[in-house]
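Undergrad: Below is one structure. I have some questions about it.
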Amino acid sequence: MNISRLPLHWKWFGAVALLLLVLIISINITLDVSLPPFLRERIRADLERDARLIAALSQRTPPSELNAAVHTWAQQTGLRVTIIATDGTVIAESDRPLAELDNHLNRAEVQSALQNGVGSAIRISDTVHLNLIYVAVAEPGQIVRVAIPLHEIGAITRHVRRTVAGVSLIITSIVLPFVYWIARRTTDPIQSMRRMAARVAAGDFAGRAPEYTGGEIGELAGTLNTMSQQLETRVAELTNEKTHLAGILASMIEGVLVVDAAGKIRLTNTALRHAFGITDEALGKTVLEVFRHAGLAELLATSGARELAFTQPSERTFTVQAGQLAGQTGVVVVFHDITRLKQLENVRKDFVANVSHELRTPLSIIKGYVETLLDAEPPDAATGKQFLETVQRHSRRLEALIDDLLSISALESQQARLDFAPVALPAAIAGVIEELNQRAHDKQTGLTLEIPADLPAVLADGQRLHQVLVNLIDNAIKYTPAGTQVRVSATLKNGHVEICVADNGPGIAAEHLPRIFERFYRVDKARSRELGGTGLGLAIVKHIVQAHNGRVWVESQLEKGSQFYFTLPVA
Ligand code: ADP
């Protein structure tokens with residue numbers, strides 16, 4: 001049995017019971033050890049006194065009556081009385097006939113009495129065969145010896161011991177239940193506190209320790225209850241805080257990473273996990289293991305903010321800010337995705353460069369011709385006219401370019417409010433065809449229109465739609481050789497109207513198709529300029545169609561012509 005596993009009250013009870021047992025045993029042992037010698041000594045002293053009394057009496061008794069007197073005295077005192085001459089001869093004896101008695105000179109008590117005046121001995125009597133205590137006193141001419149059986153001592157000892165045992169039993173039977181009661185009363189509150197503490201440790205704060213016991217244990221229970229209440233409040237606060245924090249972290253657009261002092265990842269938020277395609281498996285790993293980015297690891301070591309480009313899982317640029325947590329317990333890193341910003345910046349830079357370039361070319365041409373015209377020696381009238389025509393052509397180009405740029409910027413800034421209204425496509429397309437008819441005719445381009453009679457009207461901004469159609473049909477005329485056929489068709493598809501401008505011209509090589517709708521993108525720059533193109537026509541088409549929630553795309557094969565498609569919502 002493992003004592004340490006016993007309930008506390010049993011331990012206390014056991015300890016007290018053990019103490020009682022030890023006490024009772026020690027009392028018994030003490031009695032056993034000290035009572036018999038004490039009693040023996042008392043008996044010996046009594047016997048000595050009796051012997052002296054008998055000796056005094058025997059002095060006054062005539063020798064012939066001595067034996068009879070001895071019997072009387074023995075009867076009166078309950079002792080065995082023997083009177084021995086100094087040579088060891090027994091003169092009188094109470095318990096046996098004189099004839100049976102041998103010389104007693106060698107008896108230990110007799111020898112000791114002869115030498116010291118008094119002597120005692122304990123032994124089994126040869127004569128009466130009992131364990132006796134003898135006390136002999138020497139008187140002039142005789143030795144008086146008295147004896148008493150020692151079983152008296154045993155009886156007294158046994159009696160005392162029995163009494164003590166009885167009393168011990170009574171005390172024990174009264175004390176032990178009381179001890180048990182005290183032990184229970186003291187340990188029950190401790191047990192209930194222990195149970196309560198275990199529940200608190202498991203996160204259950206509902207339990208309360210009993211405070212009724214009073215004293216130190218009652219106080220302890222009170223303190224424990226207060227502690228539990230405070231803990232409950234604190235845990236609730238922390239849980240709340242944690243929930244808030246988790247909510248904030250989860251709703252953040254920025255990626256958040258927390259690394260502990262050992263350089264191991266402790267926390268990642270949803271945005272970061274999405275951006276880098278990482279899972280909870282990253283927790284506990286190092287930043288280098290997970291991100292494989294030396295710059296990031298370096299930033300973590302130094303703190304601060306830096307722009308970092310990542311190639312995995314996709315090419316992205318982040319402004320990464322690393323800051324030490326309080327007490328140097330780790331680093332918190334915030335990732336701000338600036339990929340789109342960077343792209344926009346690049347687009348803007350490209351655009352500015354392109355615009356400047358596009359503007360400079362006609363401007364320098366105009367400037368050159370105007371300077372020549374203003375020269376000290378002006379050219380002849382015919383050449384002058386030719387120069388002025390060139391200046392006019394390039395001014396028109398500048399004008400077209402600026403018009404297109406304004407269109408683009410209006411569309412992009414979303415300031416351009418589109419006036420949506422139902423538009424009947426056949427009339428709208430016919431209007432454009434008519435407008436471009438002269439140009440088509442000049443290039444011997446055939447323009448045809450194919451529209452089913454039941455085509456519903458589309459919801460569009462009439463002017464913008466007109467611009468889209470002009471740009472697409474004009475391109476089809478411009479970038480195809482003489483004799484080309486241009487076909488404009490419209491069909492109802494999946495709840496949208498799909499419009500197609502198709503030509504059977506030279507087509508566009510596959511490598512250009514993905515970029516054809518970009519601003520200033522041209523397949524053949526020189527040819528486009530020569531034909532008065534700005535490189536913005538298709539970009540404007542794209543913007544307008546998208547502003548109508550439509551889609552625009554191109555299908556083209558070299559030598560087989562191009563088909564430009566766009567969709568518009570049904571009115
Ligand atoms: P541009 O002002 O140069 O015409 P666009 O954006 O309208 O600019 O067209 C971009 C380029 O697409 C043109 O320079 C031309 O090379 C090519 N392109 C447009 N339409 C056609 C077409 N129908 N056939 C062949 N190439 C075309």
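Residue names in the structure tokens use chain letters A, B, ... in the order shown, residue numbers from 1 in each chain, and ligand numbers from 1 in the order shown.
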Compile the contact shell of Phe178 of chain A as a list in words: residues with an atom at most 10 Å away, counting only C-alpha atoms, same-chain residues fewer than 6 positions apart removed.

TA: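 These residues fall inside the cut-off: Phe13, Thr172 and Arg184 of chain A.
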
Undergrad: Can you work out which residues are within 7 Å of ligand 1, considering only C-alpha atoms and all ligand atoms, and then hand them over as a PyMOL selection string?

TA: chain A and resi 471-472+475-476+479-480+503+505-508+516-517+519-525+528-529+532-539+561-562

Undergrad: Any idea what's packed within 6 Å of segment 288-304 of chain A, counting only C-alpha atoms, ignoring anything in its chain fewer than 2 positions away? Could you give it as JSON, numbers by chain?

TA: {"A": [286, 321, 322, 323]}

Undergrad: Kindly save the residues from that selection, with all heavy atoms included, as an mmCIF file, in the first residue's frame.

TA:
```
data_model
loop_
_atom_site.group_PDB
_atom_site.id
_atom_site.type_symbol
_atom_site.label_atom_id
_atom_site.label_comp_id
_atom_site.auth_asym_id
_atom_site.auth_seq_id
_atom_site.Cartn_x
_atom_site.Cartn_y
_atom_site.Cartn_z
ATOM 1 N N THR A 286 12.015 28.138 -39.425
ATOM 2 C CA THR A 286 12.656 29.448 -39.500
ATOM 3 C C THR A 286 12.157 30.178 -40.753
ATOM 4 O O THR A 286 11.629 29.558 -41.673
ATOM 5 C CB THR A 286 14.184 29.324 -39.590
ATOM 6 O OG1 THR A 286 14.488 28.675 -40.812
ATOM 7 C CG2 THR A 286 14.762 28.546 -38.424
ATOM 8 N N GLN A 321 8.020 45.553 -43.145
ATOM 9 C CA GLN A 321 8.416 46.322 -41.955
ATOM 10 C C GLN A 321 8.621 45.345 -40.806
ATOM 11 O O GLN A 321 7.713 44.579 -40.468
ATOM 12 C CB GLN A 321 7.281 47.291 -41.606
ATOM 13 C CG GLN A 321 7.451 48.010 -40.300
ATOM 14 C CD GLN A 321 7.674 49.496 -40.524
ATOM 15 O OE1 GLN A 321 7.091 50.055 -41.440
ATOM 16 N NE2 GLN A 321 8.502 50.091 -39.717
ATOM 17 N N ALA A 322 9.820 45.340 -40.227
ATOM 18 C CA ALA A 322 10.101 44.424 -39.114
ATOM 19 C C ALA A 322 10.362 45.237 -37.860
ATOM 20 O O ALA A 322 11.089 46.222 -37.889
ATOM 21 C CB ALA A 322 11.301 43.546 -39.444
ATOM 22 N N GLY A 323 9.735 44.853 -36.769
ATOM 23 C CA GLY A 323 9.928 45.580 -35.500
ATOM 24 C C GLY A 323 10.054 44.602 -34.358
ATOM 25 O O GLY A 323 9.386 43.563 -34.333
#
```

Undergrad: Which polymer residues have any atom within 12 Å of an atom of Ile190 of chain A, counting only C-alpha atoms, with same-chain residues fewer than 3 positions away left out, as a PyMOL selection string?

TA: chain A and resi 7-9+183-187+193-197+209-211+213+216-221+224

Undergrad: For N, CA and C atoms, I'd like the residues from the last selection saved as a PDB file, in the first residue's frame.

TA:
```pdb
ATOM      1  N   PRO A   7      -5.837   9.219   1.479  1.00  0.00           N
ATOM      2  CA  PRO A   7      -6.425  10.546   1.716  1.00  0.00           C
ATOM      3  C   PRO A   7      -5.804  11.179   2.955  1.00  0.00           C
ATOM      4  N   LEU A   8      -5.758  12.513   2.924  1.00  0.00           N
ATOM      5  CA  LEU A   8      -5.064  13.271   3.973  1.00  0.00           C
ATOM      6  C   LEU A   8      -5.604  12.950   5.369  1.00  0.00           C
ATOM      7  N   HIS A   9      -6.947  12.835   5.497  1.00  0.00           N
ATOM      8  CA  HIS A   9      -7.484  12.618   6.841  1.00  0.00           C
ATOM      9  C   HIS A   9      -7.070  11.264   7.394  1.00  0.00           C
ATOM     10  N   ALA A 183      -9.684  15.244  12.066  1.00  0.00           N
ATOM     11  CA  ALA A 183      -8.917  15.103  10.821  1.00  0.00           C
ATOM     12  C   ALA A 183      -9.818  15.407   9.622  1.00  0.00           C
ATOM     13  N   ARG A 184     -11.046  14.868   9.650  1.00  0.00           N
ATOM     14  CA  ARG A 184     -11.983  15.106   8.546  1.00  0.00           C
ATOM     15  C   ARG A 184     -12.327  16.577   8.426  1.00  0.00           C
ATOM     16  N   ARG A 185     -12.598  17.148   9.589  1.00  0.00           N
ATOM     17  CA  ARG A 185     -12.992  18.561   9.618  1.00  0.00           C
ATOM     18  C   ARG A 185     -11.886  19.468   9.079  1.00  0.00           C
ATOM     19  N   THR A 186     -10.641  19.068   9.325  1.00  0.00           N
ATOM     20  CA  THR A 186      -9.517  19.887   8.868  1.00  0.00           C
ATOM     21  C   THR A 186      -9.203  19.604   7.399  1.00  0.00           C
ATOM     22  N   THR A 187      -9.303  18.318   7.033  1.00  0.00           N
ATOM     23  CA  THR A 187      -8.828  17.986   5.684  1.00  0.00           C
ATOM     24  C   THR A 187      -9.922  18.097   4.630  1.00  0.00           C
ATOM     25  N   MET A 193     -10.642  22.276  -1.555  1.00  0.00           N
ATOM     26  CA  MET A 193      -9.801  23.310  -2.195  1.00  0.00           C
ATOM     27  C   MET A 193      -8.941  22.690  -3.290  1.00  0.00           C
ATOM     28  N   ARG A 194      -8.463  21.465  -2.994  1.00  0.00           N
ATOM     29  CA  ARG A 194      -7.624  20.780  -3.978  1.00  0.00           C
ATOM     30  C   ARG A 194      -8.442  20.513  -5.252  1.00  0.00           C
ATOM     31  N   ARG A 195      -9.685  20.028  -5.048  1.00  0.00           N
ATOM     32  CA  ARG A 195     -10.555  19.754  -6.199  1.00  0.00           C
ATOM     33  C   ARG A 195     -10.825  21.040  -6.975  1.00  0.00           C
ATOM     34  N   MET A 196     -11.055  22.112  -6.206  1.00  0.00           N
ATOM     35  CA  MET A 196     -11.348  23.394  -6.847  1.00  0.00           C
ATOM     36  C   MET A 196     -10.138  23.880  -7.652  1.00  0.00           C
ATOM     37  N   ALA A 197      -8.951  23.736  -7.027  1.00  0.00           N
ATOM     38  CA  ALA A 197      -7.728  24.180  -7.724  1.00  0.00           C
ATOM     39  C   ALA A 197      -7.544  23.395  -9.010  1.00  0.00           C
ATOM     40  N   ALA A 209     -14.385  27.349  -2.915  1.00  0.00           N
ATOM     41  CA  ALA A 209     -13.893  26.631  -1.733  1.00  0.00           C
ATOM     42  C   ALA A 209     -14.724  27.055  -0.520  1.00  0.00           C
ATOM     43  N   PRO A 210     -14.993  26.091   0.437  1.00  0.00           N
ATOM     44  CA  PRO A 210     -15.821  26.445   1.595  1.00  0.00           C
ATOM     45  C   PRO A 210     -15.088  27.379   2.546  1.00  0.00           C
ATOM     46  N   GLU A 211     -15.712  28.512   2.863  1.00  0.00           N
ATOM     47  CA  GLU A 211     -15.046  29.498   3.725  1.00  0.00           C
ATOM     48  C   GLU A 211     -15.556  29.427   5.158  1.00  0.00           C
ATOM     49  N   THR A 213     -15.193  27.234   7.467  1.00  0.00           N
ATOM     50  CA  THR A 213     -14.373  26.579   8.499  1.00  0.00           C
ATOM     51  C   THR A 213     -13.669  27.571   9.419  1.00  0.00           C
ATOM     52  N   GLU A 216      -7.173  29.583   9.734  1.00  0.00           N
ATOM     53  CA  GLU A 216      -6.271  29.744   8.594  1.00  0.00           C
ATOM     54  C   GLU A 216      -6.824  29.083   7.338  1.00  0.00           C
ATOM     55  N   ILE A 217      -7.474  27.922   7.544  1.00  0.00           N
ATOM     56  CA  ILE A 217      -7.979  27.188   6.375  1.00  0.00           C
ATOM     57  C   ILE A 217      -9.122  27.968   5.731  1.00  0.00           C
ATOM     58  N   GLY A 218      -9.976  28.564   6.560  1.00  0.00           N
ATOM     59  CA  GLY A 218     -11.051  29.400   6.041  1.00  0.00           C
ATOM     60  C   GLY A 218     -10.489  30.566   5.256  1.00  0.00           C
ATOM     61  N   GLU A 219      -9.426  31.172   5.813  1.00  0.00           N
ATOM     62  CA  GLU A 219      -8.778  32.312   5.141  1.00  0.00           C
ATOM     63  C   GLU A 219      -8.204  31.881   3.803  1.00  0.00           C
ATOM     64  N   LEU A 220      -7.555  30.699   3.858  1.00  0.00           N
ATOM     65  CA  LEU A 220      -6.954  30.157   2.639  1.00  0.00           C
ATOM     66  C   LEU A 220      -8.036  29.957   1.578  1.00  0.00           C
ATOM     67  N   ALA A 221      -9.198  29.408   2.010  1.00  0.00           N
ATOM     68  CA  ALA A 221     -10.311  29.187   1.082  1.00  0.00           C
ATOM     69  C   ALA A 221     -10.766  30.521   0.494  1.00  0.00           C
ATOM     70  N   LEU A 224      -8.281  31.708  -1.992  1.00  0.00           N
ATOM     71  CA  LEU A 224      -8.374  30.875  -3.192  1.00  0.00           C
ATOM     72  C   LEU A 224      -9.560  31.308  -4.051  1.00  0.00           C
TER      73      LEU A 224
END
```

Undergrad: If you run DSSP on the backbone, which residues of segment 296-522 of chain A are helix (DSSP H, G or I), as a count of residues only?

TA: 119
